[in-house]
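One structure is given here, and the rest of the page talks about it.
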Amino acid sequence: MDGCVFLLYPCPVKKTWIFLFFLLNTATAQVTQSVTGEALPLLEFGAGVVSADVPDYPGAGHNTTHTVPFPAGLYRGDVLRADEDGGARARFLNTETLEINMSVGGSLPADSEDNPDRVGMPDLDTMLEFGPGLIIHFLRPSPSSKIKLSLNIPVRFAFSTDIKNWNDRGFVFNPLLYYIHEDFPIKRMIFFLGADTRFATRRMMDYFYTVAPQYSTAARPTYQAKSGYLESG
């Protein structure tokens with residue numbers, strides 16, 4: 001299959017919009033279905049560009065724009081998946097109404113010197129997350145329908161890394177309600193809309209929000225973060 005796929009993707013992170021453009025030029029045999037009920041290839045790959053205006057950390061008042069070219073791919077295996085529905089994951093149970101999986105996530109690094117609220121504090125490293133999840137499907141595709149409404153409920157272990165060092169950052173609970181409309185507003189375009197809430201354990205809250213005495217200033221007093229609500233988007 002040759003062609004293009006456009007995704008207009010409002011990311012669950014506040015103030016973040018991601019625009020993806022895939023040039024798909026290779027596909028394998030038809031083995032799975034889209035949200036419209038049409039057959040889709042097992043594998044599609046090509047090239048893509050992602051551009052995102054991302055907060056330096058949850059709730060940050062400063063954003064950093066990242067534009068990165070990358071190899072693009074979709075894989076729709078029975079167990080291993082990387083698709084429009086739930087991202088990269090391994091599915092252990094998949095029925096018409098629910099899916100149990102192991103998924104991954106993460107966030108990009110941030111330079112504290114570029115953020116007025118964190119000048120003089122340590123930089124924030126790349127954050128990686130993995131853990132089990134449950135997806136509940138409320139609306140399923142049919143030959144006459146192009147929409148899906150689902151709730152994704154992952155619980156993930158998080159760690160940060162600058163490659164040399166790897167640090168435990170606790171756990172994240174991140175339920176996401178999302179809506180997918182395929183071929184909208186034009187053919188081969190996928191519209192995704194999601195709303196989520198994030199809760200985190202103390203280690204992650206410490207990493208983002210605790211201000212140790214040596215980093216305190218008149219405008220940034222010492223602060224000890226606690227576990228609990230992280231953000232909504």
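We name chains A, B, ... following the order of the structure tokens; residues begin at 1 in each chain, and ligands are numbered from 1 as shown.
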
Item to complete: For Arg118 of chain A, work out the shell of residues within 9 Å, counting only C-alpha atoms and skipping chain neighbours fewer than 5 positions away, then give it as number ranges by chain.
Response: A: 111-113, 123, 215, 220

Worksheet entry | Contacts of Ala219 of chain A at 10 Å (only C-alpha atoms; same-chain gap of 3+ positions) as a PyMOL selection string | chain A and resi 117+216+222

What would the file look like if the residues just selected were written as a CSV table (one decimal), in the first residue's frame with C-alpha atoms?
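This is the output file selection04.csv:
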```csv
chain,number,residue,atom,x,y,z
A,117,ASP,CA,11.3,28.3,37.4
A,216,SER,CA,15.9,27.6,47.3
A,222,THR,CA,12.1,25.1,49.9
```

Worksheet entry | Residues of segment 81-163 of chain A in strand (DSSP E), written as a count of residues only | 50

Worksheet item: Can you tell me, as a ChimeraX atom specification, what residues are no more than 6 Å from His181 of chain A when counting only C-alpha atoms, ignoring any on the same chain fewer than 4 positions away?
Response: /A:146-147,190-191

Can I get the selection written as a compact mmCIF listing (two decimals), in the first residue's frame, with C-alpha atoms?
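Ended up saving to out24.txt:
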```txt
# COMPACT_ATOMS: atom_id res chain seq x y z
CA LYS A 146 -15.98 4.95 11.98
CA ILE A 147 -15.68 5.75 15.68
CA ILE A 190 -7.33 9.80 11.90
CA PHE A 191 -8.71 12.19 14.52
```

Worksheet entry | Who sits within 9 Å of Arg169 of chain A, only C-alpha atoms, same chain under 2 positions skipped, as a ChimeraX atom specification | /A:127,157-160,167,171,201-207

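Among the candidates A:Ser227, A:Thr64, A:Asn115, A:Asn174, the residue lying nearest to Gly131 of chain A is A:Asn174 (atoms considered: only C-alpha atoms).
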
Fill in: Spatial neighbours of Lys148 of chain A, max dist 9 Å, only C-alpha atoms, sep filter under 3 positions, as an MDAnalysis selection string
chainID A and resid 35 137:141 145 178:182
